[in-house]
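Participant: Please see the structure below; I have some questions.
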Amino acid sequence: MSKIVMYSTAMCPYCDRAERLLVRKGAAHALEKVRVDTSPERLAEMMRITGRRTVPQIFIGDRHVGGFDDLVDLDMDGELDTLLAGLTAD
């Protein structure tokens with residue numbers, strides 16, 4: 001299954017905003033949140049694969065989208081809908 005993976009923390013307003021945008025787009029079924037504040041090994045994994053320390057870090061399928069601002073830019077360009085259309089349900 002293609003899915004959305006969002007590396008996040010509990011107290012992250014940008015993570016909350018990104019999740020709300022994805023829910024509005026109908027992609028809640030495909031969203032997997034990975035808490036890096038409770039799992040140092042997942043934080044290390046996120047930093048290794050993205051080269052970034054900030055959250056959220058969002059992947060749609062195999063594509064690293066980036067953070068909340070990057071997600072919004074994709075939405076404004078119309079590209080987010082195309083990426084989300086490629087997701088498959090269980």
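Residue numbering restarts at 1 for every chain of the structure tokens, chains are lettered A, B, ... in their displayed order, and ligands are numbered from 1 as they appear.
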For A:Gly61, list every protein, DNA or RNA residue within 10 Å, evaluated using only C-alpha atoms, and leave out those in the same chain fewer than 5 positions away; present the list as a list in words.
Facilitator: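 Returned residues: Met1, Ser2, Lys3, Ile4, Val5, Ala30, Leu83, Leu84, Gly86, Leu87 and Thr88 of chain A.
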Participant: Taking the backbone alone, and naming residues the way the document does, which bits of chain A are strand (DSSP E) by DSSP, as a ChimeraX atom specification?
Facilitator: /A:4-8,31-35,57-60,63-66
Participant: Taking into account only C-alpha atoms, which residue in the set A:Arg48, A:Leu71, A:Ser8, A:Phe59 is nearest to A:Leu21?
Facilitator: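 Once distances to A:Leu21 are computed over only C-alpha atoms, the minimum belongs to A:Leu71.
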Participant: Taking only C-alpha atoms into account, which of A:His64, A:Arg35, A:Glu41, A:Lys25 comes nearest A:Gly78?
Facilitator: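 Among the listed residues, the smallest separation from A:Gly78 belongs to A:Lys25.
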Participant: Taking into account only C-alpha atoms, which residue in the set A:Ala28, A:Leu74, A:Val23, A:Leu43 is nearest to A:Tyr7?
Facilitator: A:Leu43
Participant: Let's see if you can do this: from backbone DSSP, list all helix (DSSP H, G or I) residues in stretch 39-82 of chain A, as number ranges by chain.
Facilitator: A: 40-50, 68-76, 79-82
Participant: Find the residue from A:Val55, A:Met76, A:Ala85, A:Val65 that sits nearest to A:Cys15; use only C-alpha atoms when measuring.
Facilitator: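 With only C-alpha atoms as the atom set, the closest residue is A:Val55.
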Participant: How many Å separate atom CA of A:Ala27 from atom CA of A:Asp81?
Facilitator: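 Separating atom CA of A:Ala27 from atom CA of A:Asp81 is a distance of 9.9 Å.
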Participant: Could you pull the residues within 12 Å of A:Arg42, counting only C-alpha atoms, minus those fewer than 4 positions along the same chain, as a list in words?
Facilitator: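 My list of contacting residues is Met6, Tyr7, Ser8, Thr9, Lys33, Val34, Arg35, Val36, Asp37, Thr38, Met46, Met47, Arg48, Ile49, Thr50, Arg53 and Gln57 of chain A.
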Participant: Smallest atom-to-atom distance to A:Thr82: which of A:Ser39, A:Ile60, A:His29, A:Arg20, using only C-alpha atoms?
Facilitator: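 Distance minimum relative to A:Thr82 lands on A:Ile60.
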Participant: Which residue out of A:Asp77, A:Glu19, A:Ala44, A:Arg63 has the minimum interatomic distance to A:Glu32 when only C-alpha atoms are used?
Facilitator: A:Glu19
Participant: Expressed in Å to a single decimal, how great is the separation between atom CA of A:Ala18 and atom CA of A:Val72?
Facilitator: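 The value is 8.2 Å.
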